[in-house]
Structure formats: structure tokens, C-alpha cells
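Asker: Just dropping this structure here.
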Amino acid sequence: MKKINNVEELEDQLAHPTPELINDLVKIDGDIMILGLGGKMGPSLAKLAVNAIREGGLKKKVIGASRFSNKKLRDELEGNGIETIAGDLLDEDFLKSLPECKNVIYMAGNKFGTAGNEHFTWAMNAYLPGRVAEKYKNSRIVVFSSGNIYPFMPTDSKGANESVKPDPIGEYAQSCLGRERIFEHFSIKNQTPMLIYRLNYAVDLRYGVLFEVAKSVFNEKPIDITTGYANVIWQGDANSFAISSLLHCSTPAKLLNITGPEVISIEWLAKRFGELMGKPVRFTGESEPTTLLNDASHSFELFGKPKVALDKVIEWTADWVMSGGEDLGKPTHFQERKGNF
């Protein structure tokens, strides 16, 4: 596909299963429950799973639980063959009422708005995991986490691999580590196979590091390069790897970094968008010697490298921004160095 022209084409691209994913789903017994389905990645992950199940001729259901404050989204998911259940996961009665399911993908959590509302972030990110782990102790669970649990790494390194000791900065990142530790505890206590899915950073054309840099270049705003490097992965690949991760759950919980193979220079990225858009590029700040970087080499051993190349996503993003494509209005704040979200 040379260009993605609208949200419908974007959703189709994100939900297009690879042969590898279909083959993995053949090996995954049971239905799939997605907790926290209503976020940025959940809807496309659910559609991807349903499409892979259909193309593989498999008999599995995809079920999703979320508050579903957006009725249009819920109707859209139902129309795609996804069973939805509306409710608050922090409500104990609602959580207990959810159906048992062999496979659980845990995507619930809170990040933005943590400052001033820290108690809710800790409840979502560190209390709820214990309740979910007990509810689904007989399932296998893929737990979405964040690369924010790692310390900043030298910009001339590959980034932190799974052996690097966590050193989270700020309460959001600390609560993410809390989520991991709680799930890890119940994985051992109940012998529940789990995988901790440390993602950093997913992008589609409506949000993410690439979109933010492209938008600034297009609007001829200076690019702050204090945080001079980042990792990204196409959201479709990240979702595909998340589903396939159900095959790699273990006890104790397995740790797995998920991102693209490139350490991307923000200065280089901005200049590339300038070339594609015919725009001048200005910079502000000086690049710090450390930043948040993840080494996802182990995930490449399991799944191969992302199928959608960085160059392609850059081209798609440039076209999207120049044509006035949709903006979800959810900045990543990847430049944040003090952990304040």
C-alpha cells in the first residue's frame, strides 16, 4: 500500500493478520479475553485477532471488557464480531461476573492524568492486577507493561534488555513496575503462566512519536531534541506480537521487550519529514546523553522483526499529516525526562 487515505484504510491495515499470526492462533487453545479493550490499541488488536481467526477457519471467540463510554466504538466492535461487556474493572462484582477464559490479554491501566490523581493510577496499575490475577488464575495472561520501568540508557547503546534492573522515574512508571510485581507474585503463587509485555512506543498514523514530530515539522514549529532518540514499533506489529505472546507465557512470568529494531535520532527523523513535506526544519535544545531505549532483540528471536518497516511508516505518516488526517489528541510525552504524566 503506497498511501493510507482515511481511517477505514488505516484500520484495515492495522487489522490485517500475517500468516505467522494465523499459524500461532492455531496453536493457542481457547477463546481470548481482552481486559481494557477501549484504549488506543485494544480495538485494533481485537479486530486483528478476529480476522486471523476467520482467515484460519478457527473456532474461537474474542471477548472484550471495558467501560465503553464511547457507544459508537462498542457498536463498531460488535459489528466486527467481537463480544463486548461494559463495566468498571475496579468494581469487584463486575470483575467476578466476567466469563472464564483460557487466554487473557490485560491492557487496562492509567498513564496521562497521573499528576494530581496518583491514587487512581496506583489503583488501576497496581491494585487491579491482583484482583485480575486471582480471577483468571487458571488462564494464561499477557500483561501489557511499559519500557518506562527501565532507567535511561546511553544514546549510543542498544537500550535496556530484559536483564537490566528496573529503575522507574516518577509515579506512573513506578506504578507500572508495581503492576508487574503483583502479576509476578500471583504467577508464582497460583502457577499461572504469564508474560510481561514491555512496550515502547507503539505508533499508528493518528498518534505517537512519528506523528508528533511530523506535525511539528508540517506546522514549522521548532523540534526539541533534548530527548534525542527513541524506539517505535508499528501498532499492527505490536498487536500481532501481543497475541502471539500467549504461546510464550510461563511461570514465573516471562519478561519481553517489544519495540522496533532502530534507535531513531529525532533530529534525523525531523529532517526526513522535512524532505518529504518540503518544509524547513528548526531545532531547539541539545541532546542529552541518555534516554529511554529498549532492546527488543529477544522478541525478534521469537517473532521475527516487525513486518512494517520504519521507512514505510514514516512515508505513511508524512502523507497523513499533509492531508489533514485524524489526530487522536493523545500525545506520548516521549520527551518527558522526570516521569511527570
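For the C-alpha cells, the naming scheme is as follows: chains receive sequential letters (A, B, ...) according to their order of presentation, residues are indexed from 1 within each chain, and ligands are indexed from 1 in presentation order.
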Using only C-alpha atoms, find each residue in region 11-127 of chain A having at least one atom no more than 12 Å away from region 241-254 of chain A; report its shortest atom-to-atom pair and that distance in Å (one decimal), rows by chain then rising number, as a Markdown table.

Answerer:
| residue | atom | partner | partner_atom | distance |
| --- | --- | --- | --- | --- |
| A:Pro17 | CA | A:Ile243 | CA | 10.8 |
| A:Thr18 | CA | A:Phe241 | CA | 10.6 |
| A:Pro19 | CA | A:Ser244 | CA | 11.7 |
| A:Glu20 | CA | A:Ser244 | CA | 8.8 |
| A:Leu21 | CA | A:Ser244 | CA | 6.4 |
| A:Ile22 | CA | A:Ser244 | CA | 9.2 |
| A:Asn23 | CA | A:Ser244 | CA | 9.4 |
| A:Asp24 | CA | A:Ser244 | CA | 6.0 |
| A:Leu25 | CA | A:Ser244 | CA | 7.2 |
| A:Val26 | CA | A:Ser244 | CA | 10.4 |
| A:Lys27 | CA | A:Leu247 | CA | 7.7 |
| A:Ile28 | CA | A:Leu247 | CA | 6.6 |
| A:Asp29 | CA | A:Leu247 | CA | 9.6 |
| A:Gly30 | CA | A:Leu246 | CA | 10.9 |
| A:Asp31 | CA | A:Leu246 | CA | 11.4 |
| A:Ile32 | CA | A:Ile243 | CA | 9.0 |
| A:Met33 | CA | A:Ile243 | CA | 10.9 |
| A:Ile34 | CA | A:Ile243 | CA | 10.2 |
| A:Met41 | CA | A:Ala242 | CA | 10.7 |
| A:Gly42 | CA | A:Ala242 | CA | 10.8 |
| A:Ser44 | CA | A:Ile243 | CA | 11.7 |
| A:Leu45 | CA | A:Ile243 | CA | 8.0 |
| A:Ala46 | CA | A:Ile243 | CA | 9.4 |
| A:Lys47 | CA | A:Ile243 | CA | 11.5 |
| A:Leu48 | CA | A:Ile243 | CA | 9.1 |
| A:Ala49 | CA | A:Ile243 | CA | 7.4 |
| A:Val50 | CA | A:Ile243 | CA | 11.1 |
| A:Ala52 | CA | A:Ile243 | CA | 10.3 |
| A:Ile53 | CA | A:Ile243 | CA | 11.5 |
| A:Val62 | CA | A:Ile243 | CA | 11.3 |
| A:Lys102 | CA | A:Leu246 | CA | 10.0 |
| A:Asn103 | CA | A:Leu246 | CA | 7.1 |
| A:Val104 | CA | A:Leu246 | CA | 8.3 |
| A:Ile105 | CA | A:Ile243 | CA | 7.8 |
| A:Tyr106 | CA | A:Ala242 | CA | 10.1 |
| A:Met107 | CA | A:Ala242 | CA | 10.3 |

Asker: Deliver the residues from the most recent selection as a file, using N, CA and C atoms, as a JSON list (two decimals), in the first residue's frame.

Answerer:
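Final file, selection_20.json:
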[["chain", "number", "residue", "atom", "x", "y", "z"],
["A", 17, "PRO", "N", -4.03, -9.66, 9.35],
["A", 17, "PRO", "CA", -3.17, -10.66, 10.01],
["A", 17, "PRO", "C", -2.10, -11.22, 9.08],
["A", 18, "THR", "N", -0.96, -11.53, 9.65],
["A", 18, "THR", "CA", 0.11, -12.19, 8.91],
["A", 18, "THR", "C", -0.11, -13.70, 8.95],
["A", 19, "PRO", "N", 0.47, -14.45, 8.01],
["A", 19, "PRO", "CA", 0.40, -15.91, 8.09],
["A", 19, "PRO", "C", 0.97, -16.45, 9.40],
["A", 20, "GLU", "N", 2.00, -15.78, 9.90],
["A", 20, "GLU", "CA", 2.62, -16.22, 11.16],
["A", 20, "GLU", "C", 1.63, -16.13, 12.32],
["A", 21, "LEU", "N", 0.85, -15.04, 12.36],
["A", 21, "LEU", "CA", -0.12, -14.89, 13.44],
["A", 21, "LEU", "C", -1.22, -15.95, 13.33],
["A", 22, "ILE", "N", -1.69, -16.19, 12.11],
["A", 22, "ILE", "CA", -2.72, -17.21, 11.92],
["A", 22, "ILE", "C", -2.21, -18.57, 12.39],
["A", 23, "ASN", "N", -0.98, -18.90, 12.03],
["A", 23, "ASN", "CA", -0.39, -20.18, 12.47],
["A", 23, "ASN", "C", -0.27, -20.25, 13.98],
["A", 24, "ASP", "N", 0.09, -19.12, 14.61],
["A", 24, "ASP", "CA", 0.19, -19.11, 16.07],
["A", 24, "ASP", "C", -1.18, -19.32, 16.72],
["A", 25, "LEU", "N", -2.21, -18.72, 16.15],
["A", 25, "LEU", "CA", -3.55, -18.88, 16.73],
["A", 25, "LEU", "C", -4.06, -20.31, 16.62],
["A", 26, "VAL", "N", -3.59, -21.03, 15.62],
["A", 26, "VAL", "CA", -3.94, -22.45, 15.52],
["A", 26, "VAL", "C", -3.44, -23.20, 16.76],
["A", 27, "LYS", "N", -2.28, -22.77, 17.28],
["A", 27, "LYS", "CA", -1.65, -23.45, 18.42],
["A", 27, "LYS", "C", -2.21, -22.98, 19.77],
["A", 28, "ILE", "N", -2.93, -21.86, 19.77],
["A", 28, "ILE", "CA", -3.45, -21.29, 21.02],
["A", 28, "ILE", "C", -4.85, -21.83, 21.25],
["A", 29, "ASP", "N", -5.00, -22.68, 22.25],
["A", 29, "ASP", "CA", -6.31, -23.25, 22.53],
["A", 29, "ASP", "C", -7.17, -22.28, 23.34],
["A", 30, "GLY", "N", -8.46, -22.24, 23.04],
["A", 30, "GLY", "CA", -9.38, -21.44, 23.83],
["A", 30, "GLY", "C", -9.65, -20.06, 23.28],
["A", 31, "ASP", "N", -10.64, -19.41, 23.88],
["A", 31, "ASP", "CA", -11.04, -18.07, 23.49],
["A", 31, "ASP", "C", -10.07, -17.04, 24.07],
["A", 32, "ILE", "N", -10.23, -15.78, 23.63],
["A", 32, "ILE", "CA", -9.35, -14.69, 24.06],
["A", 32, "ILE", "C", -10.19, -13.60, 24.72],
["A", 33, "MET", "N", -9.84, -13.25, 25.94],
["A", 33, "MET", "CA", -10.47, -12.14, 26.67],
["A", 33, "MET", "C", -9.50, -10.97, 26.71],
["A", 34, "ILE", "N", -9.95, -9.78, 26.28],
["A", 34, "ILE", "CA", -9.14, -8.57, 26.33],
["A", 34, "ILE", "C", -9.72, -7.66, 27.40],
["A", 41, "MET", "N", -4.97, 0.93, 21.66],
["A", 41, "MET", "CA", -4.55, -0.26, 20.91],
["A", 41, "MET", "C", -5.57, -1.39, 20.93],
["A", 42, "GLY", "N", -6.41, -1.43, 21.95],
["A", 42, "GLY", "CA", -7.32, -2.55, 22.13],
["A", 42, "GLY", "C", -8.24, -2.84, 20.96],
["A", 44, "SER", "N", -8.03, -2.25, 17.71],
["A", 44, "SER", "CA", -7.36, -2.83, 16.54],
["A", 44, "SER", "C", -6.79, -4.20, 16.86],
["A", 45, "LEU", "N", -6.37, -4.43, 18.12],
["A", 45, "LEU", "CA", -5.90, -5.76, 18.50],
["A", 45, "LEU", "C", -7.03, -6.77, 18.40],
["A", 46, "ALA", "N", -8.22, -6.39, 18.88],
["A", 46, "ALA", "CA", -9.36, -7.30, 18.83],
["A", 46, "ALA", "C", -9.76, -7.61, 17.40],
["A", 47, "LYS", "N", -9.78, -6.59, 16.54],
["A", 47, "LYS", "CA", -10.13, -6.80, 15.13],
["A", 47, "LYS", "C", -9.09, -7.69, 14.45],
["A", 48, "LEU", "N", -7.82, -7.48, 14.78],
["A", 48, "LEU", "CA", -6.75, -8.31, 14.22],
["A", 48, "LEU", "C", -6.94, -9.77, 14.61],
["A", 49, "ALA", "N", -7.25, -10.01, 15.89],
["A", 49, "ALA", "CA", -7.45, -11.38, 16.36],
["A", 49, "ALA", "C", -8.63, -12.03, 15.65],
["A", 50, "VAL", "N", -9.74, -11.31, 15.52],
["A", 50, "VAL", "CA", -10.93, -11.85, 14.86],
["A", 50, "VAL", "C", -10.63, -12.17, 13.40],
["A", 52, "ALA", "N", -7.73, -12.88, 12.04],
["A", 52, "ALA", "CA", -6.83, -14.04, 11.98],
["A", 52, "ALA", "C", -7.61, -15.33, 12.23],
["A", 53, "ILE", "N", -8.54, -15.30, 13.17],
["A", 53, "ILE", "CA", -9.37, -16.47, 13.47],
["A", 53, "ILE", "C", -10.21, -16.85, 12.26],
["A", 62, "VAL", "N", -13.49, -13.84, 20.49],
["A", 62, "VAL", "CA", -12.75, -12.72, 21.07],
["A", 62, "VAL", "C", -13.75, -11.90, 21.88],
["A", 102, "LYS", "N", -9.64, -19.00, 28.65],
["A", 102, "LYS", "CA", -8.32, -19.64, 28.68],
["A", 102, "LYS", "C", -7.19, -18.64, 28.47],
["A", 103, "ASN", "N", -7.45, -17.60, 27.65],
["A", 103, "ASN", "CA", -6.41, -16.62, 27.30],
["A", 103, "ASN", "C", -6.87, -15.22, 27.66],
["A", 104, "VAL", "N", -6.02, -14.49, 28.36],
["A", 104, "VAL", "CA", -6.34, -13.12, 28.77],
["A", 104, "VAL", "C", -5.22, -12.19, 28.31],
["A", 105, "ILE", "N", -5.61, -11.09, 27.66],
["A", 105, "ILE", "CA", -4.66, -10.02, 27.34],
["A", 105, "ILE", "C", -5.07, -8.82, 28.17],
["A", 106, "TYR", "N", -4.19, -8.43, 29.10],
["A", 106, "TYR", "CA", -4.51, -7.38, 30.06],
["A", 106, "TYR", "C", -3.95, -6.05, 29.56],
["A", 107, "MET", "N", -4.86, -5.14, 29.15],
["A", 107, "MET", "CA", -4.45, -3.85, 28.60],
["A", 107, "MET", "C", -4.93, -2.68, 29.45]]

Asker: Identify, with DSSP run on backbone atoms, the residues in region 98-296 of chain A assigned to helix (DSSP H, G or I), and express the list as a PyMOL selection string.

Answerer: chain A and resi 118-135+147-149+170-190+209-218+235-248+266-277

Asker: So, counting only C-alpha atoms, which residue among A:Met322, A:Pro99, A:Ala86, A:Pro289 is closest to Lys61 (chain A)?

Answerer: A:Pro99

Asker: What's around Pro331 (chain A) at 10 Å? Count only C-alpha atoms, leave out sequence neighbours fewer than 4 positions away in its own chain, and write the answer as a compact mmCIF listing (two decimals) with all heavy atoms, in the first residue's frame.

Answerer:
# COMPACT_ATOMS: atom_id res chain seq x y z
N PHE A 112 -1.79 9.05 31.55
CA PHE A 112 -1.94 10.50 31.50
C PHE A 112 -3.01 10.96 32.47
O PHE A 112 -4.08 10.36 32.58
CB PHE A 112 -2.23 10.96 30.08
CG PHE A 112 -1.15 10.53 29.12
CD1 PHE A 112 -1.40 9.66 28.09
CD2 PHE A 112 0.15 10.96 29.31
CE1 PHE A 112 -0.40 9.24 27.24
CE2 PHE A 112 1.17 10.56 28.47
CZ PHE A 112 0.89 9.70 27.43
N ARG A 206 -2.29 8.27 13.75
CA ARG A 206 -3.07 9.28 14.47
C ARG A 206 -2.44 9.70 15.79
O ARG A 206 -2.93 10.62 16.45
CB ARG A 206 -4.47 8.73 14.74
CG ARG A 206 -5.26 8.42 13.50
CD ARG A 206 -6.46 7.54 13.79
NE ARG A 206 -6.03 6.19 14.20
CZ ARG A 206 -6.87 5.19 14.42
NH1 ARG A 206 -8.17 5.38 14.27
NH2 ARG A 206 -6.41 4.00 14.78
N TYR A 207 -1.38 9.01 16.20
CA TYR A 207 -0.71 9.33 17.46
C TYR A 207 0.68 8.71 17.43
O TYR A 207 0.99 7.87 16.59
CB TYR A 207 -1.50 8.80 18.66
CG TYR A 207 -1.29 7.33 18.92
CD1 TYR A 207 -0.32 6.89 19.82
CD2 TYR A 207 -2.02 6.36 18.25
CE1 TYR A 207 -0.10 5.54 20.03
CE2 TYR A 207 -1.81 5.01 18.46
CZ TYR A 207 -0.85 4.61 19.36
OH TYR A 207 -0.62 3.27 19.56
N GLY A 208 1.50 9.13 18.38
CA GLY A 208 2.82 8.51 18.52
C GLY A 208 3.96 9.44 18.19
O GLY A 208 3.78 10.56 17.72
N VAL A 209 5.16 8.96 18.45
CA VAL A 209 6.37 9.76 18.27
C VAL A 209 6.48 10.29 16.84
O VAL A 209 6.75 11.48 16.62
CB VAL A 209 7.62 8.93 18.63
CG1 VAL A 209 8.89 9.72 18.32
CG2 VAL A 209 7.60 8.52 20.10
N PHE A 211 4.14 10.71 14.53
CA PHE A 211 3.07 11.67 14.26
C PHE A 211 3.39 13.03 14.89
O PHE A 211 3.20 14.09 14.26
CB PHE A 211 1.74 11.14 14.78
CG PHE A 211 0.59 12.10 14.63
CD1 PHE A 211 -0.03 12.27 13.41
CD2 PHE A 211 0.14 12.84 15.71
CE1 PHE A 211 -1.09 13.16 13.26
CE2 PHE A 211 -0.91 13.73 15.58
CZ PHE A 211 -1.53 13.89 14.35
N GLU A 212 3.86 13.03 16.11
CA GLU A 212 4.14 14.29 16.81
C GLU A 212 5.26 15.07 16.13
O GLU A 212 5.17 16.30 15.97
CB GLU A 212 4.48 14.01 18.27
CG GLU A 212 3.28 13.52 19.07
CD GLU A 212 3.66 12.95 20.43
OE1 GLU A 212 4.69 13.38 20.99
OE2 GLU A 212 2.93 12.09 20.93
N ASP A 327 -6.30 13.23 14.16
CA ASP A 327 -5.37 13.32 15.29
C ASP A 327 -6.14 12.89 16.53
O ASP A 327 -7.16 13.49 16.88
CB ASP A 327 -4.89 14.77 15.43
CG ASP A 327 -3.97 15.00 16.63
OD1 ASP A 327 -3.80 14.07 17.44
OD2 ASP A 327 -3.44 16.11 16.75

Asker: Between A:Lys59, A:Lys338, A:Lys271, A:Lys215, which is the closest to Val321 (chain A) once you count only C-alpha atoms?

Answerer: A:Lys215

Asker: As a list in words, please: every residue in region 259-325 of chain A that DSSP puts in strand (DSSP E).

Answerer: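 Matching residues, listed in order: Ile264, Ser265, Phe283, Thr284, Thr290 and Thr291 of chain A.
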
Asker: From the list A:Gly236, A:Gly170, A:Gly324, A:Gly39, which residue is nearest Leu10 (chain A) when using only C-alpha atoms?

Answerer: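 Closest candidate: A:Gly236.
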
Asker: Give me the residues near Ala123 (chain A) as a PyMOL selection string, where near means some atom within 12 Å (using only C-alpha atoms) and where sequence neighbours in that chain fewer than 5 positions away do not count.

Answerer: chain A and resi 89-91+108-111+114+117-118+128-131+172+175-176+178-179+182

Asker: Just the selected residues (N, CA and C atoms), exported as a PDB file, in the first residue's frame, please.

Answerer:
ATOM      1  N   LEU A  89     -13.779  -2.344  35.655  1.00  0.00           N
ATOM      2  CA  LEU A  89     -12.980  -3.471  36.160  1.00  0.00           C
ATOM      3  C   LEU A  89     -12.634  -3.317  37.639  1.00  0.00           C
ATOM      4  N   LEU A  90     -12.657  -2.076  38.149  1.00  0.00           N
ATOM      5  CA  LEU A  90     -12.400  -1.869  39.571  1.00  0.00           C
ATOM      6  C   LEU A  90     -13.599  -2.244  40.436  1.00  0.00           C
ATOM      7  N   ASP A  91     -14.742  -2.459  39.806  1.00  0.00           N
ATOM      8  CA  ASP A  91     -15.944  -2.915  40.510  1.00  0.00           C
ATOM      9  C   ASP A  91     -15.820  -4.428  40.711  1.00  0.00           C
ATOM     10  N   ALA A 108      -5.583  -2.956  30.569  1.00  0.00           N
ATOM     11  CA  ALA A 108      -6.108  -1.886  31.421  1.00  0.00           C
ATOM     12  C   ALA A 108      -4.956  -1.144  32.102  1.00  0.00           C
ATOM     13  N   GLY A 109      -5.155   0.146  32.324  1.00  0.00           N
ATOM     14  CA  GLY A 109      -4.123   0.927  33.005  1.00  0.00           C
ATOM     15  C   GLY A 109      -4.394   2.403  32.886  1.00  0.00           C
ATOM     16  N   ASN A 110      -3.602   3.184  33.598  1.00  0.00           N
ATOM     17  CA  ASN A 110      -3.734   4.638  33.541  1.00  0.00           C
ATOM     18  C   ASN A 110      -2.357   5.272  33.489  1.00  0.00           C
ATOM     19  N   LYS A 111      -2.203   6.274  32.609  1.00  0.00           N
ATOM     20  CA  LYS A 111      -0.938   6.993  32.477  1.00  0.00           C
ATOM     21  C   LYS A 111      -1.168   8.485  32.571  1.00  0.00           C
ATOM     22  N   THR A 114      -1.967  11.247  35.646  1.00  0.00           N
ATOM     23  CA  THR A 114      -1.463  10.713  36.908  1.00  0.00           C
ATOM     24  C   THR A 114      -1.192  11.831  37.905  1.00  0.00           C
ATOM     25  N   ASN A 117      -3.677  12.867  40.506  1.00  0.00           N
ATOM     26  CA  ASN A 117      -4.650  11.784  40.630  1.00  0.00           C
ATOM     27  C   ASN A 117      -3.906  10.455  40.806  1.00  0.00           C
ATOM     28  N   GLU A 118      -2.842  10.552  41.600  1.00  0.00           N
ATOM     29  CA  GLU A 118      -1.952   9.403  41.734  1.00  0.00           C
ATOM     30  C   GLU A 118      -2.658   8.171  42.287  1.00  0.00           C
ATOM     31  N   LEU A 128      -5.616  -3.340  40.823  1.00  0.00           N
ATOM     32  CA  LEU A 128      -6.447  -4.152  39.933  1.00  0.00           C
ATOM     33  C   LEU A 128      -5.727  -5.411  39.432  1.00  0.00           C
ATOM     34  N   PRO A 129      -4.434  -5.346  39.105  1.00  0.00           N
ATOM     35  CA  PRO A 129      -3.755  -6.563  38.652  1.00  0.00           C
ATOM     36  C   PRO A 129      -3.891  -7.751  39.608  1.00  0.00           C
ATOM     37  N   GLY A 130      -3.867  -7.510  40.901  1.00  0.00           N
ATOM     38  CA  GLY A 130      -4.023  -8.595  41.852  1.00  0.00           C
ATOM     39  C   GLY A 130      -5.404  -9.213  41.787  1.00  0.00           C
ATOM     40  N   ARG A 131      -6.415  -8.384  41.626  1.00  0.00           N
ATOM     41  CA  ARG A 131      -7.787  -8.890  41.526  1.00  0.00           C
ATOM     42  C   ARG A 131      -7.954  -9.697  40.235  1.00  0.00           C
ATOM     43  N   TYR A 172       3.989   7.276  37.644  1.00  0.00           N
ATOM     44  CA  TYR A 172       3.403   6.421  36.611  1.00  0.00           C
ATOM     45  C   TYR A 172       4.287   5.200  36.380  1.00  0.00           C
ATOM     46  N   SER A 175       4.279   2.829  39.249  1.00  0.00           N
ATOM     47  CA  SER A 175       3.057   2.018  39.323  1.00  0.00           C
ATOM     48  C   SER A 175       3.066   0.923  38.266  1.00  0.00           C
ATOM     49  N   CYS A 176       3.721   1.172  37.117  1.00  0.00           N
ATOM     50  CA  CYS A 176       3.854   0.126  36.101  1.00  0.00           C
ATOM     51  C   CYS A 176       4.697  -1.027  36.625  1.00  0.00           C
ATOM     52  N   GLY A 178       4.923  -1.691  39.753  1.00  0.00           N
ATOM     53  CA  GLY A 178       4.015  -2.310  40.720  1.00  0.00           C
ATOM     54  C   GLY A 178       3.093  -3.319  40.053  1.00  0.00           C
ATOM     55  N   ARG A 179       2.553  -2.970  38.893  1.00  0.00           N
ATOM     56  CA  ARG A 179       1.697  -3.900  38.143  1.00  0.00           C
ATOM     57  C   ARG A 179       2.454  -5.191  37.838  1.00  0.00           C
ATOM     58  N   ILE A 182       3.029  -7.352  41.040  1.00  0.00           N
ATOM     59  CA  ILE A 182       1.821  -8.017  41.528  1.00  0.00           C
ATOM     60  C   ILE A 182       1.489  -9.223  40.652  1.00  0.00           C
TER      61      ILE A 182
END

Asker: At a cut-off of 6 Å, can you tabulate as CSV every residue of region 89-143 of chain A near region 194-204 of chain A together with its closest atom pair and the distance in Å to one decimal, using only C-alpha atoms and ordering rows by chain then number?

Answerer:
residue,atom,partner,partner_atom,distance
A:Arg140,CA,A:Met194,CA,5.7
A:Ile141,CA,A:Met194,CA,4.7
A:Val142,CA,A:Leu195,CA,4.8
A:Val143,CA,A:Ile196,CA,4.9

Asker: For region 83-85 of chain A, please output as a list of chain:residue names all residues within 6 Å (counting only C-alpha atoms; exclusion window: fewer than 2 positions along the same chain).

Answerer: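 Counting only C-alpha atoms, the residues come to A:Ile63, A:Gly64, A:Ala65, A:Glu78.
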
Asker: Please report the interatomic distance between CA of Arg54 (chain A) and CA of Asn80 (chain A) in Å with one decimal.

Answerer: 11.1 Å

Asker: Please report the interatomic distance between CA of Phe68 (chain A) and CA of Lys40 (chain A) in Å with one decimal.

Answerer: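 If I compute the distance from CA of Phe68 (chain A) to CA of Lys40 (chain A), I get 12.5 Å.
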
Asker: Which polymer residues have any atom within 7 Å of an atom of region 302-317 of chain A, counting only C-alpha atoms, with same-chain residues fewer than 3 positions away left out, as JSON, numbers by chain?

Answerer: {"A": [3, 4, 205, 210, 211, 234, 237, 241, 260, 298, 299, 320, 321]}

Asker: Go ahead and compute the interatomic distance for CA of Ile82 (chain A) and CA of Gly38 (chain A), in Å to one decimal.

Answerer: 12.3 Å
